[in-house]
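A.B. asks: Quick one: the structure is below, and I'll ask about it shortly.
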Amino acid sequence: MAWIESHQSLGTHRKTWALARGLKISIPTAIGHLHMIWWWALDNIPDGMLEGVTADDLARACLFRGEPNRLWNALIQARFITGDPPELHDWNEYAGKLITRREKNRENVAAYRSRKHDVSVTSPLRKVPTVPTVPTVPTIPKGITPKLLHGEFQNVLLSDEEHGKLLVRFGETETKERIERLSAGISSKGYKYKSHYATILNWARNDNGKRNVDGNRAHEERPIGAISPFAKYGGNTGESDEGQG
């Protein structure tokens with residue numbers, strides 16, 4: 001965005017008063033015409049030289065509704081236009097910084113393009129930056145229920161339906177214990193199963209079978225007439241139990 005310096009003294013400067021008197025306009029109007037001329041010059045005559053510029057050009061640039069030659073002459077009499085060939089007076093004071101910056105930018109752009117051209121011509125082995133590939137999200141085949149990771153090591157795969165069935169069957173505490181047991185086994189021993197849900201159920205059946213076998217064996221090995229472990233608390237002996245049965 002182009003800009004020029006606008007000094008606060010412009011409103012009370014004798015040159016501004018002279019321009020306002022010459023055009024029979026107010027001071028604010030004169031300041032407005034001047035700024036519009038300067039803004040137009042930034043894009044059309046950045047060096048401030050008015051050679052080839054007509055009075056009509058300046059009148060259209062600042063939206064002056066009077067006679068264009070009257071505007072031109074008033075600008076000369078107020079010394080906002082000076083020299084031969086004519087130029088905007090003290091143009092570098094108002095727009096010099098912008099012009100200098102534009103020239104610097106042009107030089108920087110030209111130097112950058114030159115370096116870029118040299119690299120492309122003289123460096124056949126230069127590395128072309130690669131665009132990182134965006135990982136694709138795997139699609140779930142139709143008919144397959146997505147499964148979530150469970151357990152401390154996040155390696156037990158269960159669908160929501162499977163997890164819900166375990167909760168109904170074992171309760172929350174035991175379900176969590178069985179999941180953690182499988183998670184630890186997979187992590188430490190490298191267990192591999194096609195279905196973690198089926199594995200938990202199989203382990204539960206094996207646990208129940210083992211408890212039944214151990215219970216029967218303990219009953220069979222109990223000698224007839226053995227004193228009940230609850231006898232010391234006032235309970236019956238083994239013999240009296242069998243008699244009552």
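Residues are named by chain letter and number: chains run A, B, ... in the order of the structure tokens, numbers start at 1 in each chain, and ligands are numbered from 1 in the order shown.
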Find the residues near A:Glu51: any atom within 10 Å, counting only C-alpha atoms, skip ones fewer than 6 places away on the same chain, and give them as a list in words.

C.D. replies: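 Near neighbours after the sequence-gap exclusion: Ile45, Asp84, Pro85, Pro86 and Glu87 of chain A.
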
A.B. asks: Within 10 Å of stretch 77-83 of chain A, which residues of stretch 9-39 of chain A show up? Give each one with its shortest atom-to-atom distance in Å (one decimal) and the two atoms involved, counting only C-alpha atoms, rows by chain then rising residue number, as JSON lines.

C.D. replies:
```
{"residue": "A:Arg14", "atom": "CA", "partner": "A:Ala78", "partner_atom": "CA", "distance": 8.3}
{"residue": "A:Lys15", "atom": "CA", "partner": "A:Ala78", "partner_atom": "CA", "distance": 5.1}
{"residue": "A:Thr16", "atom": "CA", "partner": "A:Ala78", "partner_atom": "CA", "distance": 7.2}
{"residue": "A:Trp17", "atom": "CA", "partner": "A:Ala78", "partner_atom": "CA", "distance": 8.3}
{"residue": "A:Ala18", "atom": "CA", "partner": "A:Ala78", "partner_atom": "CA", "distance": 5.4}
{"residue": "A:Leu19", "atom": "CA", "partner": "A:Ala78", "partner_atom": "CA", "distance": 5.4}
{"residue": "A:Ala20", "atom": "CA", "partner": "A:Ala78", "partner_atom": "CA", "distance": 9.1}
{"residue": "A:Arg21", "atom": "CA", "partner": "A:Ala78", "partner_atom": "CA", "distance": 9.6}
{"residue": "A:Gly22", "atom": "CA", "partner": "A:Gln77", "partner_atom": "CA", "distance": 8.2}
{"residue": "A:Leu34", "atom": "CA", "partner": "A:Phe80", "partner_atom": "CA", "distance": 8.7}
```

A.B. asks: Keeping only N, CA and C atoms, write the selected residues as a PDB file, in the first residue's frame.

C.D. replies:
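Produced file result_32.pdb, reproduced below:
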```
ATOM      1  N   ARG A  14       1.711  29.038   4.226  1.00  0.00           N
ATOM      2  CA  ARG A  14       1.320  30.132   3.331  1.00  0.00           C
ATOM      3  C   ARG A  14       1.068  29.643   1.910  1.00  0.00           C
ATOM      4  N   LYS A  15       1.740  28.563   1.493  1.00  0.00           N
ATOM      5  CA  LYS A  15       1.519  28.041   0.147  1.00  0.00           C
ATOM      6  C   LYS A  15       0.114  27.460   0.034  1.00  0.00           C
ATOM      7  N   THR A  16      -0.349  26.795   1.103  1.00  0.00           N
ATOM      8  CA  THR A  16      -1.704  26.248   1.085  1.00  0.00           C
ATOM      9  C   THR A  16      -2.728  27.373   1.058  1.00  0.00           C
ATOM     10  N   TRP A  17      -2.450  28.439   1.819  1.00  0.00           N
ATOM     11  CA  TRP A  17      -3.358  29.584   1.801  1.00  0.00           C
ATOM     12  C   TRP A  17      -3.409  30.211   0.399  1.00  0.00           C
ATOM     13  N   ALA A  18      -2.260  30.302  -0.233  1.00  0.00           N
ATOM     14  CA  ALA A  18      -2.212  30.901  -1.570  1.00  0.00           C
ATOM     15  C   ALA A  18      -3.011  30.061  -2.564  1.00  0.00           C
ATOM     16  N   LEU A  19      -2.914  28.723  -2.442  1.00  0.00           N
ATOM     17  CA  LEU A  19      -3.672  27.852  -3.350  1.00  0.00           C
ATOM     18  C   LEU A  19      -5.173  28.015  -3.106  1.00  0.00           C
ATOM     19  N   ALA A  20      -5.576  28.080  -1.833  1.00  0.00           N
ATOM     20  CA  ALA A  20      -6.997  28.237  -1.520  1.00  0.00           C
ATOM     21  C   ALA A  20      -7.536  29.564  -2.037  1.00  0.00           C
ATOM     22  N   ARG A  21      -6.732  30.660  -1.897  1.00  0.00           N
ATOM     23  CA  ARG A  21      -7.163  31.965  -2.410  1.00  0.00           C
ATOM     24  C   ARG A  21      -7.247  31.948  -3.929  1.00  0.00           C
ATOM     25  N   GLY A  22      -6.278  31.339  -4.583  1.00  0.00           N
ATOM     26  CA  GLY A  22      -6.257  31.325  -6.037  1.00  0.00           C
ATOM     27  C   GLY A  22      -7.418  30.550  -6.624  1.00  0.00           C
ATOM     28  N   LEU A  34      -4.553  18.602  -2.960  1.00  0.00           N
ATOM     29  CA  LEU A  34      -3.112  18.346  -2.963  1.00  0.00           C
ATOM     30  C   LEU A  34      -2.815  16.858  -2.711  1.00  0.00           C
TER      31      LEU A  34
END
```

A.B. asks: Go ahead and compute the interatomic distance for atom CA of A:Asn69 and atom CA of A:Val53, in Å to one decimal.

C.D. replies: 12.2 Å

A.B. asks: Which distance in Å separates atom CA of A:Leu71 and atom CA of A:Leu23, to one decimal?

C.D. replies: 6.9 Å

A.B. asks: Considering only C-alpha atoms, can you say which of A:His163, A:His13, A:Arg60, A:Lys24 comes closest to A:Met36?

C.D. replies: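 Using only C-alpha atoms, A:Met36 sits closest to A:Arg60.
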
A.B. asks: Please run DSSP on the backbone and report, as a list of chain:residue names, all residues within stretch 50-105 of chain A that come out as strand (DSSP E).

C.D. replies: A:Ile81, A:Thr82, A:Glu87, A:Leu88

A.B. asks: Which residue gives the smallest distance to A:Ser183 among A:Ser114, A:Thr29, A:Asn155, A:Gln8, with only C-alpha atoms counted?

C.D. replies: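 Distance minimum relative to A:Ser183 lands on A:Asn155.
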